[in-house]
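*Asks:* What follows is the file input.cif, containing mmCIF, C-alpha atoms:
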```
data_run
loop_
_atom_site.label_atom_id
_atom_site.label_comp_id
_atom_site.auth_asym_id
_atom_site.auth_seq_id
_atom_site.Cartn_x
_atom_site.Cartn_y
_atom_site.Cartn_z
CA MET A 1 -5.17 0.01 -3.90
CA PRO A 2 -3.08 -2.07 -1.54
CA GLY A 3 -2.18 -1.17 2.00
CA ILE A 4 0.81 -2.48 3.93
CA ASP A 5 -0.80 -5.83 4.74
CA GLU A 6 -1.98 -6.53 1.18
CA CYS A 7 1.47 -5.65 -0.07
CA LEU A 8 3.10 -8.06 2.36
CA LEU A 9 0.66 -10.85 1.52
CA GLU A 10 1.38 -10.34 -2.16
CA ALA A 11 5.09 -10.65 -1.44
CA MET A 12 4.42 -13.91 0.38
CA ARG A 13 2.85 -15.37 -2.75
CA LEU A 14 6.20 -15.26 -4.53
CA PRO A 15 7.79 -18.69 -4.91
CA GLY A 16 10.04 -19.49 -1.97
CA ALA A 17 8.90 -16.53 0.18
CA LEU A 18 9.56 -17.19 3.87
CA GLY A 19 8.81 -13.80 5.38
CA ALA A 20 8.43 -10.12 4.55
CA ALA A 21 8.37 -6.76 6.29
CA VAL A 22 7.95 -3.05 5.70
CA VAL A 23 10.64 -1.24 7.67
CA ASP A 24 11.61 2.36 8.37
CA TRP A 25 15.38 2.63 8.06
CA THR A 26 15.89 5.78 10.08
CA SER A 27 14.32 4.38 13.21
CA GLY A 28 14.56 0.63 12.58
CA LEU A 29 10.83 0.21 13.16
CA ALA A 30 8.94 -2.64 11.47
CA LEU A 31 5.73 -1.05 10.17
CA GLY A 32 4.30 -4.39 9.15
CA THR A 33 5.48 -8.00 9.09
CA VAL A 34 4.28 -11.34 7.75
CA GLY A 35 5.52 -14.93 7.81
CA ASP A 36 8.74 -16.00 9.48
CA ALA A 37 11.70 -13.83 10.41
CA PRO A 38 15.35 -14.85 10.15
CA GLY A 39 16.30 -15.76 13.71
CA GLY A 40 12.65 -15.87 14.65
CA ASP A 41 12.15 -12.22 15.59
CA HIS A 42 10.79 -9.62 13.17
CA GLU A 43 11.71 -6.65 15.38
CA THR A 44 15.35 -7.69 15.65
CA THR A 45 15.51 -8.39 11.93
CA ALA A 46 14.00 -4.98 11.15
CA ALA A 47 16.56 -3.15 13.29
CA GLU A 48 19.44 -5.03 11.71
CA ALA A 49 18.17 -4.69 8.14
CA ALA A 50 17.59 -0.97 8.76
CA GLU A 51 21.27 -0.46 9.58
CA LEU A 52 22.29 -2.05 6.33
CA ALA A 53 19.70 -0.13 4.32
CA ARG A 54 20.78 3.16 5.85
CA LEU A 55 24.43 2.60 5.01
CA ALA A 56 23.55 1.71 1.43
CA ALA A 57 21.32 4.75 1.07
CA GLU A 58 23.80 7.17 2.62
CA HIS A 59 27.15 6.16 1.21
CA ARG A 60 28.10 8.03 -1.90
CA ALA A 61 29.73 4.92 -3.35
CA PHE A 62 26.35 3.33 -4.03
CA ALA A 63 24.63 6.35 -5.55
CA PRO A 64 24.04 6.47 -9.32
CA GLU A 65 26.76 7.84 -11.59
CA ALA A 66 24.59 10.82 -12.44
CA GLY A 67 24.54 11.79 -8.79
CA PRO A 68 21.69 11.50 -6.33
CA ASP A 69 18.31 12.94 -7.12
CA GLN A 70 18.43 16.60 -6.15
CA SER A 71 14.94 16.68 -4.70
CA GLY A 72 16.19 14.22 -2.11
CA GLN A 73 12.97 12.20 -2.33
CA ASP A 74 14.04 9.24 -4.43
CA PRO A 75 16.34 6.91 -2.53
CA PRO A 76 19.73 6.75 -4.30
CA VAL A 77 19.62 2.95 -4.21
CA GLU A 78 16.84 0.77 -5.65
CA ASP A 79 17.48 -2.47 -3.88
CA LEU A 80 19.95 -4.57 -1.94
CA ILE A 81 20.37 -8.27 -2.54
CA ILE A 82 22.04 -10.59 -0.07
CA SER A 83 22.52 -14.28 -0.55
CA ASN A 84 23.71 -16.97 1.79
CA VAL A 85 23.86 -20.74 1.38
CA ASP A 86 20.16 -21.33 1.85
CA THR A 87 18.29 -18.01 1.56
CA TYR A 88 18.11 -14.69 -0.27
CA HIS A 89 17.21 -11.29 1.14
CA VAL A 90 15.90 -8.55 -1.12
CA LEU A 91 15.56 -5.06 0.35
CA ARG A 92 13.63 -2.72 -1.92
CA PHE A 93 13.56 1.01 -1.19
CA VAL A 94 10.16 2.66 -1.49
CA ALA A 95 10.09 6.05 -3.23
CA THR A 96 7.45 8.37 -1.78
CA SER A 97 6.51 11.95 -2.51
CA PHE A 98 6.20 12.60 1.22
CA ASP A 99 9.29 12.40 3.39
CA SER A 100 9.98 8.83 4.38
CA SER A 101 12.71 6.25 4.72
CA VAL A 102 10.93 2.97 4.08
CA PHE A 103 11.93 -0.28 2.43
CA LEU A 104 10.37 -3.67 1.74
CA HIS A 105 12.29 -6.66 3.02
CA LEU A 106 11.64 -10.06 1.44
CA TRP A 107 13.23 -13.26 2.74
CA LEU A 108 13.33 -16.12 0.23
CA ALA A 109 14.31 -19.78 0.37
CA ARG A 110 17.06 -20.36 -2.13
CA SER A 111 15.81 -23.83 -3.08
CA ASP A 112 12.62 -22.59 -4.72
CA GLY A 113 12.99 -18.82 -4.81
CA ASN A 114 13.54 -16.95 -8.08
CA LEU A 115 15.70 -13.95 -7.36
CA ALA A 116 15.11 -12.16 -10.67
CA LEU A 117 11.36 -12.55 -10.43
CA ALA A 118 11.32 -11.49 -6.77
CA ARG A 119 13.33 -8.38 -7.53
CA ILE A 120 11.00 -7.30 -10.33
CA ARG A 121 7.82 -8.01 -8.37
CA LEU A 122 9.10 -6.28 -5.26
CA GLY A 123 9.84 -3.17 -7.31
CA GLU A 124 6.28 -3.20 -8.63
CA MET A 125 4.88 -3.67 -5.14
CA ALA A 126 6.95 -0.77 -3.80
CA GLY A 127 5.47 1.45 -6.49
CA ARG A 128 1.89 0.35 -5.90
CA LEU A 129 2.21 0.68 -2.13
CA VAL A 130 2.29 4.45 -2.35
CA LEU A 131 0.87 5.19 -5.79
CA GLY A 132 -2.08 2.82 -5.61
CA MET B 1 40.75 12.20 0.03
CA THR B 2 39.81 12.01 3.63
CA VAL B 3 36.16 11.50 4.30
CA VAL B 4 35.14 11.80 7.89
CA SER B 5 32.49 9.24 8.38
CA THR B 6 30.45 8.80 11.47
CA PRO B 7 30.58 5.23 12.65
CA ALA B 8 27.11 3.82 12.52
CA PRO B 9 25.81 2.97 15.94
CA ARG B 10 23.98 -0.29 16.06
CA LEU B 11 20.24 0.15 16.09
CA PRO B 12 19.17 -1.10 19.49
CA LEU B 13 16.87 -4.06 19.69
CA ARG B 14 13.68 -3.90 21.60
CA ARG B 15 13.85 -5.39 25.03
CA ARG B 16 11.42 -8.22 25.45
CA SER B 17 10.67 -7.55 29.06
CA VAL B 18 9.96 -3.91 29.67
CA GLY B 19 10.52 -3.18 33.36
CA PRO B 20 8.10 -0.82 35.01
CA GLY B 21 6.89 0.43 31.63
CA VAL B 22 6.62 3.95 30.36
CA SER B 23 3.08 4.45 31.64
CA PRO B 24 1.39 2.04 34.06
CA MET B 25 -1.87 3.87 33.45
CA LEU B 26 -1.65 3.15 29.74
CA ARG B 27 -1.18 -0.54 30.47
CA ARG B 28 -4.26 -0.61 32.65
CA LEU B 29 -6.25 1.09 29.91
CA ALA B 30 -5.02 -1.46 27.40
CA ALA B 31 -6.00 -4.31 29.74
CA GLU B 32 -9.52 -2.97 30.17
CA ARG B 33 -9.80 -2.28 26.41
CA ALA B 34 -10.61 1.35 27.02
CA THR B 35 -11.69 3.87 24.39
CA GLY B 36 -10.90 7.55 24.78
CA VAL B 37 -7.92 9.84 25.00
CA LEU B 38 -4.94 9.77 27.34
CA LEU B 39 -3.73 13.30 28.03
CA ARG B 40 -0.14 13.68 29.13
CA GLU B 41 2.18 16.63 29.56
CA ARG B 42 3.66 16.43 26.06
CA GLY B 43 0.66 15.32 24.01
CA SER B 44 -2.07 12.73 23.83
CA LEU B 45 -2.73 9.14 22.80
CA HIS B 46 -6.07 8.10 21.39
CA LEU B 47 -7.27 4.63 22.22
CA ALA B 48 -9.99 2.42 20.77
CA ASP B 49 -10.62 -0.94 22.43
CA GLY B 50 -7.33 -0.61 24.28
CA GLN B 51 -5.24 -0.09 21.15
CA VAL B 52 -3.60 3.15 20.10
CA THR B 53 -5.22 4.58 16.97
CA TYR B 54 -3.67 8.04 16.91
CA ALA B 55 -1.13 10.13 18.77
CA GLU B 56 -0.39 13.83 18.72
CA SER B 57 2.21 16.06 20.28
CA PRO B 58 3.08 19.72 19.77
CA GLU B 59 6.67 18.54 19.33
CA SER B 60 6.03 16.43 16.22
CA PRO B 61 4.34 17.15 12.87
CA GLY B 62 0.92 15.55 12.60
CA LEU B 63 -0.39 13.27 9.87
CA ASP B 64 -1.81 16.28 8.02
CA VAL B 65 1.63 17.93 7.90
CA LEU B 66 3.38 14.76 6.71
CA LEU B 67 0.80 14.27 3.95
CA ALA B 68 0.78 17.91 2.93
CA THR B 69 4.54 18.22 2.56
CA GLY B 70 4.98 16.02 -0.48
CA GLY B 71 1.85 17.48 -2.03
CA VAL B 72 -0.02 14.22 -1.41
CA LEU B 73 -2.85 16.02 0.29
CA ASP B 74 -3.22 19.76 0.71
CA THR B 75 -4.62 21.21 3.87
CA GLU B 76 -7.89 22.24 2.16
CA VAL B 77 -8.68 18.65 1.24
CA TRP B 78 -7.77 17.57 4.74
CA ARG B 79 -10.15 20.14 6.27
CA GLU B 80 -12.90 19.11 3.91
CA ALA B 81 -12.45 15.45 4.83
CA VAL B 82 -12.54 16.25 8.55
CA ALA B 83 -15.69 18.31 8.05
CA ARG B 84 -17.45 15.60 6.04
CA ALA B 85 -16.35 12.42 7.78
CA GLY B 86 -15.12 13.62 11.17
CA THR B 87 -18.37 13.18 13.01
CA ASP B 88 -18.61 9.55 11.86
CA GLY B 89 -14.99 8.96 12.84
CA ARG B 90 -14.13 7.84 9.31
CA VAL B 91 -11.80 10.51 7.93
CA GLY B 92 -9.10 8.03 6.96
CA ARG B 93 -11.59 5.79 5.15
CA PHE B 94 -13.13 8.80 3.40
CA LEU B 95 -9.75 10.01 2.11
CA VAL B 96 -8.94 6.59 0.67
CA ASP B 97 -12.40 5.87 -0.75
CA SER B 98 -12.58 9.26 -2.44
CA GLY B 99 -9.21 8.66 -4.05
CA ARG B 100 -7.47 11.54 -2.29
CA VAL B 101 -4.72 9.34 -0.93
CA THR B 102 -3.73 5.73 -1.40
CA GLU B 103 -4.18 3.26 1.40
CA GLY B 104 -0.44 2.60 1.50
CA ALA B 105 0.52 6.28 1.71
CA LEU B 106 -2.03 6.86 4.46
CA GLU B 107 -0.83 3.86 6.43
CA LEU B 108 2.85 4.76 6.11
CA CYS B 109 2.27 8.38 7.16
CA HIS B 110 -0.15 7.37 9.91
CA ALA B 111 2.33 4.93 11.44
CA ALA B 112 5.13 7.48 11.11
CA ALA B 113 3.07 10.18 12.84
CA LEU B 114 1.74 7.84 15.53
CA PHE B 115 5.07 6.38 16.68
CA ASP B 116 6.65 9.81 16.33
CA ALA B 117 4.17 11.63 18.56
CA ALA B 118 4.06 8.73 21.02
CA TYR B 119 7.79 9.02 21.55
CA PHE B 120 7.23 12.49 23.01
CA VAL B 121 3.93 11.74 24.74
CA LEU B 122 5.51 8.78 26.54
CA GLY B 123 8.65 10.68 27.48
CA PRO B 124 9.15 10.90 31.24
CA SER B 125 7.08 13.72 32.67
CA GLY B 126 6.39 15.18 36.05
CA ALA B 127 2.75 16.00 35.49
CA PRO B 128 0.00 13.46 36.14
CA ALA B 129 -1.75 11.88 33.17
CA ARG B 130 -5.50 12.00 32.69
CA PHE B 131 -7.76 9.73 30.69
CA ARG B 132 -11.00 10.88 29.18
CA TYR B 133 -13.29 8.00 28.32
CA GLY B 134 -15.32 8.62 25.24
CA ALA B 135 -15.30 8.38 21.50
CA ALA B 136 -12.47 7.08 19.38
CA HIS B 137 -10.43 9.59 17.36
CA TRP B 138 -12.16 11.10 14.34
CA LEU B 139 -9.54 9.77 11.95
CA GLY B 140 -10.98 6.30 12.44
CA PRO B 141 -9.00 3.08 12.48
CA VAL B 142 -6.05 2.98 10.08
CA ARG B 143 -3.64 0.50 11.62
CA PRO B 144 -4.09 0.45 15.39
CA VAL B 145 -0.98 -0.30 17.43
CA PRO B 146 -1.00 -2.46 20.58
CA VAL B 147 0.12 -0.59 23.69
CA ALA B 148 2.91 -3.08 24.46
CA ALA B 149 4.41 -2.63 20.97
CA LEU B 150 4.27 1.15 21.31
CA GLU B 151 5.98 1.06 24.70
CA ARG B 152 8.75 -1.22 23.45
CA GLU B 153 9.33 0.96 20.42
CA THR B 154 9.43 4.15 22.51
CA LEU B 155 12.08 2.69 24.82
CA ARG B 156 14.05 1.38 21.86
CA ARG B 157 14.03 4.85 20.32
CA ARG B 158 15.35 6.46 23.49
CA GLU B 159 18.17 3.97 23.53
CA LEU B 160 18.90 4.56 19.85
CA LEU B 161 19.36 8.31 20.38
CA HIS B 162 21.45 7.73 23.47
CA ARG B 163 23.77 5.40 21.57
CA ILE B 164 24.33 7.83 18.72
CA TRP B 165 25.22 10.74 20.98
CA PRO B 166 24.38 10.76 24.69
CA ASP B 167 23.82 14.51 25.07
CA PRO B 168 20.14 15.34 24.47
CA ALA B 169 20.78 19.09 24.10
CA THR B 170 20.24 19.06 20.32
CA ASP B 171 16.74 17.62 20.81
CA THR B 172 15.30 20.88 22.11
CA ALA B 173 17.73 23.82 21.95
CA PRO B 174 18.16 26.29 19.07
CA LEU B 175 20.87 24.91 16.81
CA VAL B 176 23.89 26.36 15.10
CA ARG B 177 26.46 25.02 12.66
CA ALA B 178 29.72 24.46 14.45
CA ASP B 179 32.45 26.75 13.23
CA ARG B 180 34.51 24.34 11.23
CA ALA B 181 37.00 25.22 8.56
CA ALA B 182 36.01 22.27 6.40
CA GLU B 183 32.69 20.58 6.99
CA PRO B 184 32.82 16.93 6.02
CA PRO B 185 30.27 15.87 3.40
CA VAL B 186 27.06 14.50 4.87
CA PRO B 187 24.32 12.28 3.39
CA ALA B 188 21.41 13.97 1.61
CA ARG B 189 18.90 13.47 4.42
CA GLN B 190 21.29 14.97 6.95
CA GLN B 191 22.11 17.79 4.55
CA ALA B 192 18.41 18.72 4.39
CA VAL B 193 18.40 19.04 8.17
CA LEU B 194 21.71 20.90 8.19
CA ASP B 195 20.41 23.43 5.65
CA GLN B 196 17.68 24.38 8.14
CA VAL B 197 20.08 25.06 11.00
CA ASN B 198 20.30 28.82 11.41
CA GLY B 199 20.98 29.58 15.05
CA VAL B 200 17.29 29.99 15.84
CA ARG B 201 15.44 26.85 14.76
CA THR B 202 15.09 23.87 17.05
CA ALA B 203 14.70 20.21 16.08
CA ALA B 204 10.91 20.59 16.19
CA ASP B 205 11.00 23.67 13.91
CA ILE B 206 13.14 21.77 11.41
CA SER B 207 10.80 18.77 11.46
CA PHE B 208 7.79 20.94 10.69
CA ALA B 209 9.70 22.80 7.97
CA LEU B 210 10.73 19.55 6.28
CA GLY B 211 7.46 17.73 6.96
CA ARG B 212 9.52 14.94 8.44
CA PRO B 213 8.87 12.91 11.59
CA ALA B 214 10.49 14.69 14.54
CA PHE B 215 12.26 11.57 15.73
CA HIS B 216 13.99 11.28 12.34
CA THR B 217 15.25 14.82 12.79
CA LEU B 218 16.50 14.01 16.29
CA VAL B 219 18.43 11.04 14.87
CA GLU B 220 20.05 13.12 12.13
CA LEU B 221 20.88 15.94 14.56
CA ARG B 222 22.56 13.61 17.01
CA ARG B 223 24.60 12.20 14.14
CA LEU B 224 25.53 15.74 13.11
CA ALA B 225 26.44 16.47 16.74
CA THR B 226 28.60 13.35 16.87
CA ALA B 227 30.43 14.54 13.77
CA GLY B 228 30.89 17.96 15.38
CA ILE B 229 28.94 19.72 12.62
CA VAL B 230 25.98 20.94 14.65
CA THR B 231 25.88 22.20 18.19
CA THR B 232 23.41 24.10 20.34
CA ALA B 233 23.26 27.84 19.73
CA SER B 234 24.17 29.07 23.17
CA GLN B 235 26.40 26.75 25.10
CA PRO B 236 25.56 27.52 28.73
CA PRO B 237 28.59 28.13 30.95
CA ARG B 238 29.90 24.88 32.36
CA PRO B 239 29.31 23.05 34.54
CA SER B 240 25.82 24.41 35.14
CA ARG B 241 23.48 23.06 32.46
CA PRO B 242 20.04 24.27 33.44
CA SER B 243 18.50 23.87 30.02
CA ARG B 244 19.13 20.17 29.87
CA PRO B 245 15.76 18.53 29.35
CA PRO B 246 15.38 15.61 31.72
CA GLN B 247 12.39 14.26 29.81
CA VAL B 248 14.34 12.83 26.93
CA ASP B 249 17.21 11.37 28.87
CA PRO B 250 16.50 7.81 29.95
CA ALA B 251 18.73 8.16 32.98
CA PRO B 252 18.98 11.80 34.03
CA GLU B 253 22.03 12.46 36.08
CA GLN B 254 23.67 15.64 37.21
CA PRO B 255 27.05 16.19 35.59
CA PRO B 256 29.80 16.14 38.18
CA PRO B 257 30.70 19.71 39.12
CA ALA B 258 34.31 18.88 39.97
CA LEU B 259 35.92 19.78 36.65
CA GLU B 260 36.02 23.53 37.14
CA PRO B 261 39.55 24.57 36.09
CA ALA B 262 39.86 22.42 32.98
CA SER B 263 36.24 23.12 32.22
CA ALA B 264 36.71 26.87 32.30
CA LEU B 265 39.68 26.56 30.03
CA LEU B 266 37.89 24.36 27.56
CA THR B 267 34.86 26.58 27.22
CA GLN B 268 37.02 29.37 25.80
CA PRO B 269 36.23 29.74 22.12
CA SER B 270 39.02 28.21 20.16
CA ALA B 271 39.74 27.68 16.51
CA ASP B 272 42.01 24.81 17.35
CA PRO B 273 40.26 21.66 16.15
CA ASP B 274 41.92 19.63 18.89
CA VAL B 275 40.35 21.78 21.57
CA ALA B 276 36.99 21.60 19.83
CA LEU B 277 37.30 17.83 19.73
CA LEU B 278 38.25 17.66 23.40
CA ARG B 279 35.28 19.79 24.26
CA ARG B 280 32.95 17.44 22.44
CA VAL B 281 34.51 14.42 24.09
CA ARG B 282 34.06 16.06 27.48
CA ASP B 283 30.42 16.89 26.70
CA ALA B 284 29.81 13.31 25.68
CA LEU B 285 31.44 11.94 28.83
CA GLU B 286 29.43 14.26 31.02
CA ALA B 287 26.25 13.23 29.36
CA LEU B 288 26.89 9.52 29.77
#
```
Starting from the file, lay out its structure as structure tokens.
*Replies:*
Amino acid sequence: MPGIDECLLEAMRLPGALGAAVVDWTSGLALGTVGDAPGGDHETTAAEAAELARLAAEHRAFAPEAGPDQSGQDPPVEDLIISNVDTYHVLRFVATSFDSSVFLHLWLARSDGNLALARIRLGEMAGRLVLG
Amino acid sequence: MTVVSTPAPRLPLRRRSVGPGVSPMLRRLAAERATGVLLRERGSLHLADGQVTYAESPESPGLDVLLATGGVLDTEVWREAVARAGTDGRVGRFLVDSGRVTEGALELCHAAALFDAAYFVLGPSGAPARFRYGAAHWLGPVRPVPVAALERETLRRRELLHRIWPDPATDTAPLVRADRAAEPPVPARQQAVLDQVNGVRTAADISFALGRPAFHTLVELRRLATAGIVTTASQPPRPSRPSRPPQVDPAPEQPPPALEPASALLTQPSADPDVALLRRVRDALEAL
């Protein structure tokens, strides 16, 4: 059963992984970080990524066609993918039975990262983080 | 369709150099790697080897409440774990090893509860703090937090609230839905908070009811206040604002008392949305 650190270390084993974090998107707090951060500062990155994650989670435009989950527990968005010329960012929302607003943030080098693989693995890690 | 959307305030970044700090005593304790409990006016911080292992405040739901809400861990199991592993200071370990809760869930809830309570504990207070040297907290180590990180985060959180809506009244007062003809749609997490607003409950009551960190509720309430959807139940006559809690405001200032005539006019109940808007703008300016 992985904790936050094991989960982050597992993310770092993905090809091309540069850095990873577990972030709360309501407060912008980094609950755990590993590796490098874009711009060199994990706390700044967490606050900025949290803004983006919150907008994606709150705006109706990005919710599923069937409408958001009525229990309000499952985030309406699974993940966010951002690419630039040399890196990818994958933000994966973590579904929890308790009230939370947490996502995994993986930063990948584009040269040797595999976006499809990273997305699948990150989803699995998000599940194991809370379910064991 | 017109959707009123609240512009997202930028999440503030932590300041690298924290001036005088939120608690000089806490810094000394960190430097000497103290173990024990720091008792302040609004709660307590538990230290082990100078790091914060647990925090509790009557204003925020504890780890047990957060875990119980989603049905992860009911209060009976929690009591049993405290009874069996409390004296060894290994309750957290016991819960994980006995399969009651996953390591990840415990860590996420523990961090949420710790930073949440610390925000209130480290709020400005007039009463002196005390430190009781002694044993570490019975929960045992989950993910201890360095004092400097906790201080930075607490200051960042104050700034975050202030940037969303500078009036701290919704943090502590009973709340009411503003009388609006058409409430704009709000996101699901804000809606959950809004559904709890009944003219009696405060932010803390709502946090306990939802099993949600209190700071998260404060954030949503300030956003709802910005949008003019939620206000405090009894607006005190202006310009006297005795109920304003100085603890939460990073820079408490007295509102200028010079606005009497316009102020008196504006506090008249009015269905005119323009007047309601002006009133909110004035409140925001006063609170700046």
*Asks:* List the neighbours of Ala68 of chain B out to 12 Å using all atoms listed in the file; skip same-chain residues closer than 3 positions along the sequence, and give me the result as a list in words.
*Replies:*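 Listed by chain and then number, they are Ser97, Phe98 and Asp99 of chain A; Pro61, Gly62, Leu63, Asp64, Val65, Gly71, Val72, Leu73, Asp74, Thr75, Glu76, Val77, Trp78, Arg79, Arg100, Val101, Ala105, Leu106, Cys109, Phe208, Ala209, Leu210, Gly211 and Arg212 of chain B.
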*Asks:* With a distance cut-off of 8 Å and all atoms listed in the file, select the neighbouring residues of Ala34 of chain B, excluding the residue or stretch itself and same-chain residues fewer than 5 positions from it, and output the selection as a compact mmCIF listing (two decimals) with C-alpha atoms, in the frame of the given file.
*Replies:*
```txt
# COMPACT_ATOMS: atom_id res chain seq x y z
CA LEU B 29 -6.25 1.09 29.91
CA LEU B 47 -7.27 4.63 22.22
CA ALA B 48 -9.99 2.42 20.77
CA ASP B 49 -10.62 -0.94 22.43
CA GLY B 50 -7.33 -0.61 24.28
CA TYR B 133 -13.29 8.00 28.32
```
*Asks:* For each of A:Leu117, A:Val94, A:Ala37, A:Ile81, take the minimum atom-to-atom distance to chain B, counting all atoms listed in the file, then give the residue where this is smallest.
*Replies:* A:Val94
*Asks:* What's the separation between atom CA of Asp167 of chain B and atom CA of Asp283 of chain B, in Å to one decimal place?
*Replies:*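 Taking atom CA of Asp167 of chain B and atom CA of Asp283 of chain B, their separation equals 7.2 Å.
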*Asks:* Which residues fall under the PyMOL selection byres ((chain A) within 6 of (chain B)) in this file, as a list in words?
*Replies:*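 In the shown coordinates, the PyMOL selection byres ((chain A) within 6 of (chain B)) covers Gly3, Ile4, Thr44, Ala47, Glu58, Ser97, Phe98, Asp99, Leu129, Val130 and Gly132 of chain A.
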